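K.L.:
This is run_32.tsv (TSV, C-alpha atoms and all ligand atoms).
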```tsv
chain	number	residue	atom	x	y	z
A	1	MET	CA	14.55	-11.97	-13.92
A	2	PRO	CA	12.61	-13.61	-16.82
A	3	SER	CA	14.16	-13.41	-20.27
A	4	ARG	CA	11.96	-11.84	-22.94
A	5	SER	CA	9.65	-14.87	-22.50
A	6	VAL	CA	6.96	-12.58	-21.07
A	7	GLU	CA	5.21	-11.18	-24.16
A	8	PHE	CA	2.50	-8.64	-23.40
A	9	PRO	CA	-0.57	-8.22	-25.64
A	10	PRO	CA	0.37	-5.63	-28.34
A	11	ALA	CA	-2.97	-3.91	-27.70
A	12	LEU	CA	-1.91	-3.28	-24.07
A	13	ILE	CA	1.46	-1.90	-25.16
A	14	SER	CA	-0.10	0.56	-27.63
A	15	LEU	CA	-2.78	1.50	-25.10
A	16	LEU	CA	-0.09	2.46	-22.58
A	17	ARG	CA	1.93	4.41	-25.15
A	18	ALA	CA	-1.20	6.42	-26.01
A	19	ALA	CA	-2.49	6.82	-22.43
A	20	SER	CA	-2.64	10.32	-21.00
A	21	LYS	CA	-4.10	9.46	-17.58
A	22	VAL	CA	-3.07	6.34	-15.63
A	23	ALA	CA	-4.01	5.43	-12.04
A	24	VAL	CA	-2.30	2.61	-10.15
A	25	LEU	CA	-3.49	0.99	-6.91
A	26	THR	CA	-0.90	-1.08	-5.06
A	27	GLY	CA	-1.15	-3.45	-2.10
A	28	ALA	CA	1.18	-5.49	0.06
A	29	GLY	CA	2.08	-7.82	-2.85
A	30	VAL	CA	4.22	-5.07	-4.39
A	31	SER	CA	6.45	-5.11	-1.28
A	32	GLN	CA	6.59	-8.90	-1.01
A	33	GLU	CA	9.75	-9.17	-3.14
A	34	SER	CA	11.42	-6.61	-0.87
A	35	GLY	CA	11.06	-9.19	1.88
A	36	LEU	CA	8.01	-7.78	3.68
A	37	ARG	CA	5.23	-10.17	4.60
A	38	THR	CA	1.87	-9.39	3.01
A	39	PHE	CA	-1.21	-8.91	5.17
A	40	ARG	CA	-2.54	-12.31	4.09
A	41	ASP	CA	0.75	-14.06	4.88
A	42	ALA	CA	0.79	-15.59	8.32
A	43	GLN	CA	2.65	-13.54	10.89
A	44	THR	CA	5.68	-15.12	12.54
A	45	GLY	CA	7.32	-15.42	15.91
A	46	LEU	CA	5.80	-13.48	18.76
A	47	TRP	CA	3.06	-12.16	16.41
A	48	ALA	CA	2.06	-15.53	14.95
A	49	GLN	CA	-0.81	-15.80	17.44
A	50	TYR	CA	-2.49	-12.63	16.12
A	51	LYS	CA	-4.30	-11.70	12.90
A	52	PRO	CA	-3.32	-8.22	11.64
A	53	GLU	CA	-6.98	-7.14	11.52
A	54	GLU	CA	-7.13	-7.89	15.28
A	55	LEU	CA	-4.18	-5.62	15.99
A	56	ALA	CA	-4.72	-2.77	13.49
A	57	SER	CA	-7.70	-1.19	15.26
A	58	PRO	CA	-8.41	1.59	17.79
A	59	GLU	CA	-10.16	-0.98	20.01
A	60	ALA	CA	-7.01	-3.14	20.17
A	61	PHE	CA	-4.91	-0.04	20.98
A	62	ALA	CA	-7.34	1.03	23.71
A	63	ARG	CA	-7.36	-2.49	25.15
A	64	ASP	CA	-3.59	-3.03	25.15
A	65	PRO	CA	-1.62	0.03	23.94
A	66	LYS	CA	1.80	-1.54	24.68
A	67	LEU	CA	1.04	-4.68	22.60
A	68	ILE	CA	0.00	-2.56	19.64
A	69	TRP	CA	2.89	-0.08	20.06
A	70	ASP	CA	5.36	-3.04	20.17
A	71	TRP	CA	3.83	-4.61	17.03
A	72	TYR	CA	4.36	-1.40	15.09
A	73	ALA	CA	7.85	-0.91	16.55
A	74	TRP	CA	8.68	-4.42	15.26
A	75	ARG	CA	7.21	-3.59	11.83
A	76	ARG	CA	9.08	-0.26	11.67
A	77	GLU	CA	12.33	-2.15	12.26
A	78	ALA	CA	11.39	-4.68	9.56
A	79	VAL	CA	10.70	-1.85	7.08
A	80	LYS	CA	14.02	-0.13	7.97
A	81	SER	CA	15.85	-3.32	6.97
A	82	VAL	CA	14.33	-3.66	3.45
A	83	ARG	CA	14.67	-1.72	0.19
A	84	PRO	CA	12.36	-1.03	-2.76
A	85	ASN	CA	12.34	-3.82	-5.38
A	86	PRO	CA	12.32	-3.53	-9.22
A	87	GLY	CA	8.53	-3.26	-9.12
A	88	HIS	CA	8.67	-0.07	-7.01
A	89	TYR	CA	11.32	1.42	-9.31
A	90	ALA	CA	9.34	0.51	-12.44
A	91	LEU	CA	6.32	2.39	-11.08
A	92	ALA	CA	8.52	5.39	-10.28
A	93	SER	CA	9.70	5.43	-13.91
A	94	MET	CA	6.24	4.79	-15.36
A	95	GLU	CA	5.28	8.14	-13.80
A	96	LYS	CA	7.73	9.89	-16.13
A	97	HIS	CA	6.15	8.44	-19.28
A	98	ILE	CA	2.52	9.35	-18.50
A	99	PRO	CA	1.29	12.96	-18.64
A	100	SER	CA	-1.09	12.48	-15.71
A	101	PHE	CA	-0.15	9.66	-13.32
A	102	SER	CA	-1.43	8.79	-9.83
A	103	LEU	CA	0.07	6.08	-7.63
A	104	ILE	CA	-2.48	5.15	-4.97
A	105	THR	CA	-1.04	2.84	-2.33
A	106	GLN	CA	-2.60	0.90	0.54
A	107	ASN	CA	0.90	0.12	1.80
A	108	VAL	CA	2.24	1.90	4.86
A	109	ASP	CA	5.88	0.84	4.35
A	110	GLY	CA	7.02	4.00	2.52
A	111	LEU	CA	8.85	1.97	-0.18
A	112	HIS	CA	7.18	3.80	-3.12
A	113	ARG	CA	8.44	7.13	-1.76
A	114	MET	CA	11.89	5.60	-1.23
A	115	ALA	CA	11.88	4.39	-4.87
A	116	GLY	CA	11.25	7.96	-6.07
A	117	SER	CA	7.51	8.01	-6.79
A	118	GLN	CA	6.27	11.60	-6.58
A	119	ARG	CA	2.59	11.41	-7.55
A	120	LEU	CA	1.82	9.27	-4.51
A	121	LEU	CA	-1.38	8.94	-2.46
A	122	GLU	CA	-0.88	7.00	0.79
A	123	LEU	CA	-4.47	5.93	1.58
A	124	HIS	CA	-3.60	4.14	4.82
A	125	GLY	CA	-0.85	6.40	6.17
A	126	ASN	CA	2.81	5.62	6.76
A	127	ILE	CA	4.24	3.44	9.51
A	128	GLN	CA	7.43	5.56	9.68
A	129	ARG	CA	5.37	8.53	10.95
A	130	VAL	CA	4.42	8.58	14.67
A	131	ARG	CA	1.85	10.99	16.12
A	132	CYS	CA	-0.05	11.68	19.31
A	133	ALA	CA	-3.31	9.73	19.61
A	134	GLU	CA	-4.92	12.82	21.21
A	135	CYS	CA	-3.57	16.02	19.64
A	136	TYR	CA	-2.10	14.60	16.38
A	137	THR	CA	1.30	16.23	17.02
A	138	PHE	CA	3.90	14.35	14.96
A	139	THR	CA	7.18	13.36	16.55
A	140	GLU	CA	10.41	11.75	15.39
A	141	THR	CA	11.79	10.98	18.85
A	142	TRP	CA	10.38	9.58	22.06
A	143	GLU	CA	11.64	8.33	25.41
A	144	ASP	CA	12.53	4.69	26.02
A	145	ASP	CA	9.52	2.52	25.16
A	146	SER	CA	10.63	-0.75	26.77
A	147	GLU	CA	8.30	-0.37	29.75
A	148	ALA	CA	5.42	1.79	28.55
A	149	VAL	CA	4.04	3.42	25.40
A	150	PRO	CA	5.80	6.77	25.00
A	151	ARG	CA	3.77	9.91	25.51
A	152	CYS	CA	3.31	13.16	23.58
A	153	GLN	CA	5.57	16.05	24.63
A	154	GLU	CA	2.75	18.51	23.99
A	155	CYS	CA	-0.21	16.98	25.79
A	156	GLY	CA	0.90	13.74	27.43
A	157	GLY	CA	-1.33	11.64	25.19
A	158	LEU	CA	-0.19	8.18	24.03
A	159	LEU	CA	1.88	8.04	20.81
A	160	ARG	CA	0.65	5.85	17.95
A	161	PRO	CA	1.65	5.09	14.34
A	162	ASP	CA	0.22	7.49	11.73
A	163	VAL	CA	-1.67	4.72	9.92
A	164	VAL	CA	-5.41	4.21	9.28
A	165	TRP	CA	-6.75	1.44	11.50
A	166	PHE	CA	-9.81	-0.68	10.68
A	167	GLY	CA	-12.87	1.37	11.56
A	168	GLU	CA	-10.99	4.67	11.11
A	169	ALA	CA	-11.69	7.07	8.27
A	170	LEU	CA	-9.13	7.41	5.49
A	171	PRO	CA	-7.48	10.85	5.09
A	172	ARG	CA	-10.11	12.79	3.16
A	173	ASP	CA	-7.73	14.59	0.79
A	174	GLN	CA	-5.94	11.37	-0.19
A	175	LEU	CA	-9.20	9.45	-0.70
A	176	GLU	CA	-10.85	12.22	-2.73
A	177	ALA	CA	-7.79	12.51	-4.98
A	178	ALA	CA	-7.74	8.72	-5.39
A	179	VAL	CA	-11.43	8.58	-6.35
A	180	GLU	CA	-10.94	11.45	-8.82
A	181	ALA	CA	-7.92	9.66	-10.36
A	182	ALA	CA	-9.83	6.37	-10.65
A	183	ARG	CA	-12.86	8.04	-12.24
A	184	SER	CA	-10.91	10.00	-14.84
A	185	CYS	CA	-8.12	7.63	-15.92
A	186	ASP	CA	-7.77	5.83	-19.28
A	187	VAL	CA	-5.98	2.86	-17.66
A	188	PHE	CA	-6.30	1.60	-14.07
A	189	PHE	CA	-3.74	-0.85	-12.68
A	190	SER	CA	-4.49	-2.97	-9.60
A	191	ILE	CA	-1.19	-4.48	-8.45
A	192	GLY	CA	-0.43	-6.85	-5.58
A	193	THR	CA	-3.69	-6.42	-3.71
A	194	SER	CA	-6.24	-9.04	-2.69
A	195	GLY	CA	-8.96	-6.42	-3.11
A	196	VAL	CA	-10.59	-7.13	0.25
A	197	VAL	CA	-10.16	-3.89	2.16
A	198	GLN	CA	-12.62	-1.06	1.52
A	199	PRO	CA	-12.88	1.64	0.34
A	200	ALA	CA	-9.58	1.06	-1.58
A	201	ALA	CA	-10.93	-2.08	-3.26
A	202	SER	CA	-13.80	-0.12	-4.81
A	203	LEU	CA	-11.47	2.13	-6.85
A	204	ALA	CA	-10.93	-0.43	-9.63
A	205	PHE	CA	-14.69	-0.75	-10.10
A	206	ALA	CA	-15.11	3.03	-10.09
A	207	ALA	CA	-12.54	3.21	-12.89
A	208	ARG	CA	-14.16	0.36	-14.83
A	209	ASN	CA	-17.60	1.95	-14.54
A	210	ARG	CA	-16.20	5.11	-16.14
A	211	GLY	CA	-14.80	3.12	-19.08
A	212	ALA	CA	-11.17	2.77	-18.01
A	213	VAL	CA	-9.23	-0.30	-19.14
A	214	VAL	CA	-8.42	-2.32	-16.00
A	215	VAL	CA	-5.12	-4.20	-15.78
A	216	GLU	CA	-4.49	-6.49	-12.81
A	217	ILE	CA	-1.03	-7.76	-11.86
A	218	ASN	CA	-1.08	-10.38	-9.13
A	219	ALA	CA	0.58	-13.66	-8.20
A	220	GLU	CA	-2.89	-15.24	-8.12
A	221	PRO	CA	-6.49	-14.43	-9.15
A	222	THR	CA	-8.59	-12.12	-6.95
A	223	PRO	CA	-12.26	-11.04	-6.92
A	224	LEU	CA	-11.30	-8.37	-9.50
A	225	THR	CA	-9.71	-10.78	-11.99
A	226	SER	CA	-12.92	-11.76	-13.78
A	227	LYS	CA	-13.76	-8.07	-14.30
A	228	ALA	CA	-10.29	-6.96	-15.42
A	229	ASP	CA	-9.51	-6.39	-19.12
A	230	TYR	CA	-6.01	-7.81	-18.64
A	231	PHE	CA	-4.76	-10.16	-15.91
A	232	LEU	CA	-0.95	-10.45	-15.87
A	233	GLN	CA	-0.27	-13.31	-13.48
A	234	GLY	CA	3.09	-13.35	-11.72
A	235	LYS	CA	5.39	-11.31	-9.52
A	236	SER	CA	5.05	-7.54	-9.87
A	237	GLY	CA	8.81	-7.13	-9.39
A	238	GLU	CA	9.32	-9.15	-12.59
A	239	ILE	CA	6.30	-8.13	-14.68
A	240	LEU	CA	6.50	-4.35	-14.21
A	241	PRO	CA	10.12	-3.81	-15.39
A	242	GLU	CA	9.44	-6.05	-18.42
A	243	LEU	CA	6.21	-4.17	-19.22
A	244	LEU	CA	8.04	-0.83	-19.10
A	245	LYS	CA	10.82	-2.16	-21.32
A	246	GLN	CA	8.40	-3.47	-23.97
A	247	THR	CA	6.33	-0.26	-23.83
A	248	TRP	CA	8.91	2.52	-23.63
A	249	GLY	CA	12.18	0.73	-24.34
B	1	LIG	C1	-13.41	2.63	6.98
B	1	LIG	C2	-2.97	0.22	7.83
B	1	LIG	C3	-15.23	3.94	7.70
B	1	LIG	C4	-2.77	-0.43	9.15
B	1	LIG	C5	-4.82	-0.98	6.77
B	1	LIG	C6	-17.58	-5.21	5.50
B	1	LIG	C7	-17.62	-4.94	4.14
B	1	LIG	C8	-16.90	-3.90	3.59
B	1	LIG	C9	-16.10	-3.10	4.40
B	1	LIG	C10	-16.05	-3.38	5.73
B	1	LIG	C11	-16.78	-4.41	6.29
B	1	LIG	N1	-16.50	-4.42	7.62
B	1	LIG	C12	-15.63	-3.43	7.92
B	1	LIG	C13	-15.38	-2.80	6.77
B	1	LIG	C14	-14.54	-1.65	6.60
B	1	LIG	C15	-13.07	-2.05	6.68
B	1	LIG	C16	-12.75	-3.22	5.77
B	1	LIG	O1	-12.56	-3.05	4.58
B	1	LIG	N2	-12.64	-4.43	6.36
B	1	LIG	C17	-12.31	-5.60	5.57
B	1	LIG	C18	-11.46	-6.55	6.41
B	1	LIG	C19	-13.61	-6.25	5.10
B	1	LIG	N3	-12.37	-0.88	6.22
B	1	LIG	C20	-12.05	0.05	7.13
B	1	LIG	O2	-12.26	-0.05	8.32
B	1	LIG	C21	-11.44	1.33	6.55
B	1	LIG	N4	-12.09	2.44	7.15
B	1	LIG	O3	-14.11	1.95	6.30
B	1	LIG	O4	-13.84	3.68	7.73
B	1	LIG	C22	-15.38	5.22	8.39
B	1	LIG	C23	-15.81	6.32	7.66
B	1	LIG	C24	-15.98	7.53	8.33
B	1	LIG	C25	-15.70	7.65	9.70
B	1	LIG	C26	-15.22	6.54	10.39
B	1	LIG	C27	-15.06	5.31	9.75
B	1	LIG	C28	-9.97	1.39	6.92
B	1	LIG	C29	-9.22	0.31	6.19
B	1	LIG	C30	-7.72	0.54	6.37
B	1	LIG	C31	-7.16	-0.47	7.34
B	1	LIG	N5	-5.70	-0.29	7.44
B	1	LIG	N6	-3.49	-0.75	6.87
B	1	LIG	C32	-1.62	-1.39	9.15
B	1	LIG	O5	-1.08	-1.69	8.07
B	1	LIG	O6	-1.27	-1.85	10.24
B	1	LIG	S1	-5.36	-2.17	5.71
B	1	LIG	C33	-4.07	-3.23	5.44
B	1	LIG	O7	-4.64	-4.42	4.97
B	1	LIG	C34	-3.16	-2.80	4.33
B	1	LIG	O8	-2.91	-1.43	4.33
B	1	LIG	C35	-3.88	-3.25	3.10
B	1	LIG	O9	-4.75	-2.27	2.65
B	1	LIG	C36	-4.69	-4.39	3.60
B	1	LIG	C37	-4.10	-5.67	3.08
B	1	LIG	O10	-4.52	-5.77	1.78
B	1	LIG	P1	-3.48	-6.01	0.59
B	1	LIG	O11	-2.58	-4.85	0.47
B	1	LIG	O12	-4.31	-6.38	-0.57
B	1	LIG	O13	-2.59	-7.21	1.05
B	1	LIG	P2	-3.00	-8.73	1.09
B	1	LIG	O14	-2.00	-9.41	1.93
B	1	LIG	O15	-4.46	-8.83	1.41
B	1	LIG	O16	-2.86	-9.23	-0.43
B	1	LIG	C38	-1.58	-9.28	-1.03
B	1	LIG	C39	-1.84	-9.61	-2.48
B	1	LIG	O17	-0.59	-9.60	-3.15
B	1	LIG	C40	-2.42	-11.00	-2.69
B	1	LIG	O18	-3.47	-10.91	-3.64
B	1	LIG	C41	-1.24	-11.80	-3.27
B	1	LIG	O19	-1.69	-12.77	-4.21
B	1	LIG	C42	-0.45	-10.73	-3.96
B	1	LIG	N7	0.99	-10.97	-4.07
B	1	LIG	C43	1.82	-11.52	-3.15
B	1	LIG	N8	3.09	-11.46	-3.62
B	1	LIG	C44	3.05	-10.85	-4.82
B	1	LIG	C45	1.72	-10.54	-5.13
B	1	LIG	N9	1.34	-9.94	-6.27
B	1	LIG	C46	2.32	-9.62	-7.15
B	1	LIG	N10	3.63	-9.89	-6.92
B	1	LIG	C47	4.02	-10.50	-5.79
B	1	LIG	N11	5.33	-10.75	-5.58
B	2	ZN	ZN	-0.53	15.23	22.15
```
As structure tokens, please, write out the structure in this file.
Ligand code: BV8
Ligand code: ZN

P.N.:
Amino acid sequence: MPSRSVEFPPALISLLRAASKVAVLTGAGVSQESGLRTFRDAQTGLWAQYKPEELASPEAFARDPKLIWDWYAWRREAVKSVRPNPGHYALASMEKHIPSFSLITQNVDGLHRMAGSQRLLELHGNIQRVRCAECYTFTETWEDDSEAVPRCQECGGLLRPDVVWFGEALPRDQLEAAVEAARSCDVFFSIGTSGVVQPAASLAFAARNRGAVVVEINAEPTPLTSKADYFLQGKSGEILPELLKQTWG
């Protein structure tokens, strides 16, 4: 944890204290300090030979359902073994200081919910939820999946994770709420995201075009950095708690 060496611009501190509407977009970088690999990080072990974009698609699931089911089963286990980090908790407390707060996440790991965030929009679903690929029935239990992908009790369809794959539409209600939050906020944070995946990556620009102040927190520059009003470079799990302390004590 850094000492008080991290000094934030006084203008940013007073802006946050006065803000009535704040929208935050998070990406895999926010979960990195919990021990989860980001999408850009290379995969390891059995999965090292694949790029996530190659696996997270309906085509990949149609081609080899068991491979894709096993990849998500492996990721669900990885998520079960990690906990929210100080960055997740800082965002959960920021929510209490801002009259109108929206946390828009691209992450499917469920760590924001676990950290207590209420005003949460999960744009890309949640890997802990499993549903039928045909009739959308959700299920918490399924038969042994060592040989074959488990099937839906209702219709016999294949089970799949309740996440948005590349080429699939985002949940309309979550996306509409996220666009509304981005367009009407005073301050927009983009935290721990490389800003590559659409339409999530467009939210920061939607906010900026409506006059919001854009604050980016990232370990390294991204395509958004040159357009952001503030770029706080470093780990979100260190910067966010310090920012809250200097803003709200
Ligand atoms: C759609 C769930 C249409 C699954 C995910 C060409 C141009 C523009 C768009 C497209 C295009 N070709 C195709 C598209 C569309 C496509 C897309 O954007 N492709 C990209 C690759 C170009 N988008 C889609 O397909 C979307 N759907 O468009 O549908 C449609 C409309 C109607 C009807 C039908 C169809 C769906 C996109 C959602 C895909 N699903 N996840 C799963 O997880 O398995 S996306 C997945 O990847 C994640 O959810 C996340 O969103 C994304 C990874 O991005 P990041 O979160 O940013 O993570 P990344 O690793 O990239 O970066 C981490 C960052 O953290 C880095 O910057 C790093 O520096 C930083 N960092 C690391 N450690 C820290 C840190 N920062 C701070 N602290 C640290 N400690
Ligand atoms: Zn079904």

K.L.:
Collect all residues with atoms no farther than 7 Å from ligand LIG 1 (chain B), counting all atoms listed in the file, and output them as a PyMOL selection string.

P.N.:
chain A and resi 26-30+32-33+38-41+52-53+56+106-108+124-125+163-170+191-199+217-220+222+234-237

K.L.:
Tell me which of A:Phe101, A:Trp142, A:Tyr72, A:Tyr50 sits closest to Asn126 (chain A), counting all atoms listed in the file.

P.N.:
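Between A:Phe101, A:Trp142, A:Tyr72, A:Tyr50, the residue approaching Asn126 (chain A) most closely is A:Tyr72.
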
K.L.:
Which residues form the shell of 10 Å around ligand ZN 2 (chain B) when you count all atoms listed in the file, given as a count of residues only?

P.N.:
18

K.L.:
Can you pull out every residue within 9 Å of region 173-190 of chain A, counting all atoms listed in the file, but drop anything in the same chain fewer than 3 positions away, and send it as a compact mmCIF listing (two decimals) with C-alpha atoms, in the coordinates of the input?

P.N.:
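Generated file (part.txt):
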```txt
# COMPACT_ATOMS: atom_id res chain seq x y z
CA LEU A 15 -2.78 1.50 -25.10
CA LEU A 16 -0.09 2.46 -22.58
CA ALA A 19 -2.49 6.82 -22.43
CA SER A 20 -2.64 10.32 -21.00
CA LYS A 21 -4.10 9.46 -17.58
CA VAL A 22 -3.07 6.34 -15.63
CA ALA A 23 -4.01 5.43 -12.04
CA VAL A 24 -2.30 2.61 -10.15
CA LEU A 25 -3.49 0.99 -6.91
CA THR A 26 -0.90 -1.08 -5.06
CA GLY A 27 -1.15 -3.45 -2.10
CA SER A 100 -1.09 12.48 -15.71
CA PHE A 101 -0.15 9.66 -13.32
CA SER A 102 -1.43 8.79 -9.83
CA LEU A 103 0.07 6.08 -7.63
CA ILE A 104 -2.48 5.15 -4.97
CA LEU A 121 -1.38 8.94 -2.46
CA GLU A 122 -0.88 7.00 0.79
CA LEU A 123 -4.47 5.93 1.58
CA LEU A 170 -9.13 7.41 5.49
CA THR A 193 -3.69 -6.42 -3.71
CA GLY A 195 -8.96 -6.42 -3.11
CA PRO A 199 -12.88 1.64 0.34
CA ALA A 200 -9.58 1.06 -1.58
CA LEU A 203 -11.47 2.13 -6.85
CA ALA A 204 -10.93 -0.43 -9.63
CA PHE A 205 -14.69 -0.75 -10.10
CA ALA A 206 -15.11 3.03 -10.09
CA ALA A 207 -12.54 3.21 -12.89
CA ARG A 208 -14.16 0.36 -14.83
CA ASN A 209 -17.60 1.95 -14.54
CA ARG A 210 -16.20 5.11 -16.14
CA GLY A 211 -14.80 3.12 -19.08
CA ALA A 212 -11.17 2.77 -18.01
CA VAL A 213 -9.23 -0.30 -19.14
CA VAL A 214 -8.42 -2.32 -16.00
CA VAL A 215 -5.12 -4.20 -15.78
CA GLU A 216 -4.49 -6.49 -12.81
CA ILE A 217 -1.03 -7.76 -11.86
CA ASN A 218 -1.08 -10.38 -9.13
CA LEU A 224 -11.30 -8.37 -9.50
```

K.L.:
Excluding same-chain residues fewer than 5 positions from Glu77 (chain A), what lies within 12 Å of it counting all atoms listed in the file, as a PDB file with C-alpha atoms, in the frame of the given file?

P.N.:
```pdb
ATOM      1  CA  LEU A  36       8.010  -7.780   3.680  1.00  0.00           C
ATOM      2  CA  ASP A  70       5.360  -3.040  20.170  1.00  0.00           C
ATOM      3  CA  TRP A  71       3.830  -4.610  17.030  1.00  0.00           C
ATOM      4  CA  TYR A  72       4.360  -1.400  15.090  1.00  0.00           C
ATOM      5  CA  VAL A  82      14.330  -3.660   3.450  1.00  0.00           C
ATOM      6  CA  ASP A 109       5.880   0.840   4.350  1.00  0.00           C
ATOM      7  CA  ILE A 127       4.240   3.440   9.510  1.00  0.00           C
ATOM      8  CA  GLN A 128       7.430   5.560   9.680  1.00  0.00           C
TER       9      GLN A 128
END
```

K.L.:
Using Å and a single decimal, report how far CA of Leu232 (chain A) sits from CA of Arg75 (chain A).

P.N.:
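Going from CA of Arg75 (chain A) over to CA of Leu232 (chain A) covers 29.7 Å.
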
K.L.:
Build an axis-aligned box that encloses every atom of region 48-57 of chain A listed in the file, pad it by 4 Å on each side, and report its centre and edge lengths in Å to one decimal, as lines of an AutoDock Vina configuration file.

P.N.:
```
center_x = -2.8
center_y = -8.5
center_z = 14.5
size_x = 17.8
size_y = 22.6
size_z = 13.9
```

K.L.:
My list of candidates is A:Leu111, A:Ala60, A:Ile239, A:Leu244. Which is closest to Val6 (chain A) when distances are computed with only C-alpha atoms?

P.N.:
A:Ile239

K.L.:
Name the closest residue to His97 (chain A) among the candidates A:Tyr230, A:Ala18, A:Pro223, A:Ser202; distances are taken between atoms, counting only C-alpha atoms.

P.N.:
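Looking at the shortest contact to His97 (chain A), the residue is A:Ala18.
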
K.L.:
To one decimal in Å, tell me the separation between CA of Thr141 (chain A) and CA of Arg37 (chain A).

P.N.:
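CA of Arg37 (chain A) lies 26.3 Å from CA of Thr141 (chain A).
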